[in-house]
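Working notes for the structure below.
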Amino acid sequence: MDILVQKFGGTSVQTAESREHVTGHIKEAVGAGYKVAVVVSAMGRSPDPYATDTLLGLVDDLGQNSSDRELDLLVSCGETISAVKMANELGKRDVSATALTGAQAGFITDDHFTEATIKRIETKRLMHEFKTHDVVVVAGFQGRTEQGDITTLGRGGSDTSAAALGAALKAERIEIFTDVSGIMTADPRVVDDARLLDVVTYKEICDLAYQGAKVVHPYAVEIAMQDKIPMRVRSNYSSETGTLITETKETETESRTAQLMTGIAHMSEVTQIQIVINDEINHHQTLVFEAMADAGISVDFINVSQSKLIYTIPHKLMDKAVQILDSLGYEPEITQNCAKVCAVGPEITGVPDVSSKINGALTNSDVQVLQSAESHTTIWVLVHDKDLKVTMNALHQTLGLAEA
């Protein structure tokens with residue numbers, strides 16, 4: 001039995017017109033001889049009636065009058081409604097289909113409600129349904145505990161559902177349908193000449209996703225990578241094949257720099273914190289970062305010298321972080337409205353022209369670099385948010401990413 005997993009996001013199942021495209025992709029796969037496990041998100045986005053945020057808005061004082069267990073029970077309704085709706089529409093188009101909740105499909109998770117982790121998938125029910133149906137539509141983003149409580153997997157959970165299902169079913173591939181053509185060299189809303197990537201490796205897309213690219217959830221890619229299940233990111237509104245995510249890729253570019261670079265990602269709404277230290281930098285570093293961790297504040301982009309500790313946090317956590325630092329006796333210097341820009345490539349370590357090209361491009365564009373760092377696959381710069389578009393376009397052009 002050849003199995004294909006197809007995942008459709010909220011905008012893909014939002015309207016009758018978009019669902020018509022969904023049924024077309026599914027029918028094409030069935031016509032090619034596949035049994036298809038379809039994973040769906042809740043229909044649309046807030047304020048659409050069944051979107052996750054809309055459902056959350058039905059209860060007051062989240063976390064006070066309702067437990068996380070009850071919130072999971074509430075928001076799981078969105079994906080369940082979507083699964084039943086899609087199975088019904090497939091049936092009207094002569095496609096044999098049935099709908100299952102995540103629990104019915106065999107997703108067993110831990111009991112970390114709202115952020116559950118999949119422990120295993122029991123595929124017996126799914127395989128039984130494939131005996132009498134060509135398509136099983138599964139509610140994404142959800143599962144159940146060993147005790148039978150409904151859980152959800154957190155943001156991006158439907159991607160995770162699809163990847164885990166693909167691995168459990170030993171699918172030929174996993175297809176992630178969205179409202180964009182595939183994975184681009186940069187966000188096309190920011191970079192004018194961003195282009196579609198035909199093939200990327202699991203590692204490259206994980207790096208891009210963790211640095212701000214939002215097309216596919218990085219944890220889902222990690223699951224696919226572990227079991228070496230190819231993934232393809234495609235547009236719901238096109239027959240184009242999009243971007244293939246796999247273990248290796250072939251490149252035939254003329255420029256050494258162009259070969260090394262994959263794409264550029266970014267994160268906005270970042271705040272930089274600088275603390276001047278006069279003695280025992282290691283002691284202060286430990287004290288500050290332990291205090292941040294205890295408060296649930298994730299720190300990023302850390303630079304430490306003999307006299308200064310610099311790091312970034314999400315802007316929404318700035319007031320909380322400053323209050324903690326004040327209580328510890330520090331006088332932090334705060335720079336708001338920053339953006340982190342990240343250039344990703346498979347092997348950029350030890351290639352001096354990459355760093356020099358980046359520095360030169362930003363200097364020529366009158367962009368102030370607040371911080372910089374690099375690893376064997378990634379170069380980061382922190383800039384003022386007002387310079388984000390200039391920075392992204394300058395680097396995209398300088399690093400040869402606009403060239404096919």
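Each chain in the structure tokens gets a letter, A, B and so on, in the order shown; residues start at 1 in every chain, and ligands are counted from 1 in the order they appear.
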
DSSP says alpha helix (DSSP H) for which residues of region 9-119 of chain A? Put them as a ChimeraX atom specification?
-> /A:16-31,52-56,68-92

For region 314-321 of chain A: contacts at 12 Å, only C-alpha atoms, fewer than 4 positions along chain excluded, given as JSON, numbers by chain | {"A": [267, 268, 269, 270, 271, 272, 273, 274, 288, 289, 290, 291, 292, 293, 294, 295, 296, 297, 298, 299, 300, 301, 325, 326, 327, 328, 330, 331, 332, 333, 334, 335, 336, 337, 338, 339, 340, 385]}

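Residues in contact with Ala194 (chain A) at up to 9 Å, not including ones fewer than 6 positions away on its chain and judged by only C-alpha atoms, are Met184, Thr185, Ala186, Asp187, Pro188, Asn393, His396, Leu401 and Ala402 of chain A.
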
Test item: residues at most 12 Å from Val216 (chain A), only C-alpha atoms, excluding those fewer than 6 positions along its chain, as a PyMOL selection string = chain A and resi 7-9+155-160+162-163+174-180+182-184+202+205-210+222+224+231-234+243+245

Quick one: residues within 7 Å of region 79-89 of chain A, only C-alpha atoms counted, chain neighbours fewer than 5 positions away excluded, as a VMD selection string?
-> chain A and resid 40 to 43 97 to 99 101 137 to 140

Between A:Lys228, A:Arg189, A:His21, A:His112, which has the minimum distance to Thr145 (chain A) (counting only C-alpha atoms)?
-> A:His112

Write out as a list in words all residues of region 147-233 of chain A that backbone DSSP assigns to strand (DSSP E or B).
-> Ile150, Thr151, Thr152, Arg173, Ile174, Glu175, Ile176, Phe177, Thr178, Met184, Leu196, Val199, Val200, Thr201, Met231, Arg232 and Val233 of chain A

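If you measure from each of A:Leu399, A:Leu244, A:Leu100, A:Val215 to Thr201 (chain A) using only C-alpha atoms, the closest one turns out to be A:Leu244.
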
As a check of understanding: the span from CA of Glu17 (chain A) to CA of Gly154 (chain A) is 27.9 Å

Can you list, as a list in words, every protein, DNA or RNA residue that comes within 6 Å of Gly44 (chain A) when you count only C-alpha atoms, leaving out same-chain residues fewer than 2 positions away?
->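 Within the cut-off, the hits are Gly10, Thr11, Gln14, Asp48 and Ala51 of chain A.
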
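In terms of minimum interatomic distance to Ser365 (chain A), A:Asp387 ranks closest within A:Glu122, A:Asp353, A:Glu403, A:Asp387, counting only C-alpha atoms.
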
Selected residue of minimal separation from Val221 (chain A) among A:Gly242, A:Gly143, A:Pro47, A:Gly166, counting only C-alpha atoms =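 With only C-alpha atoms as the atom set, the closest residue is A:Gly166.
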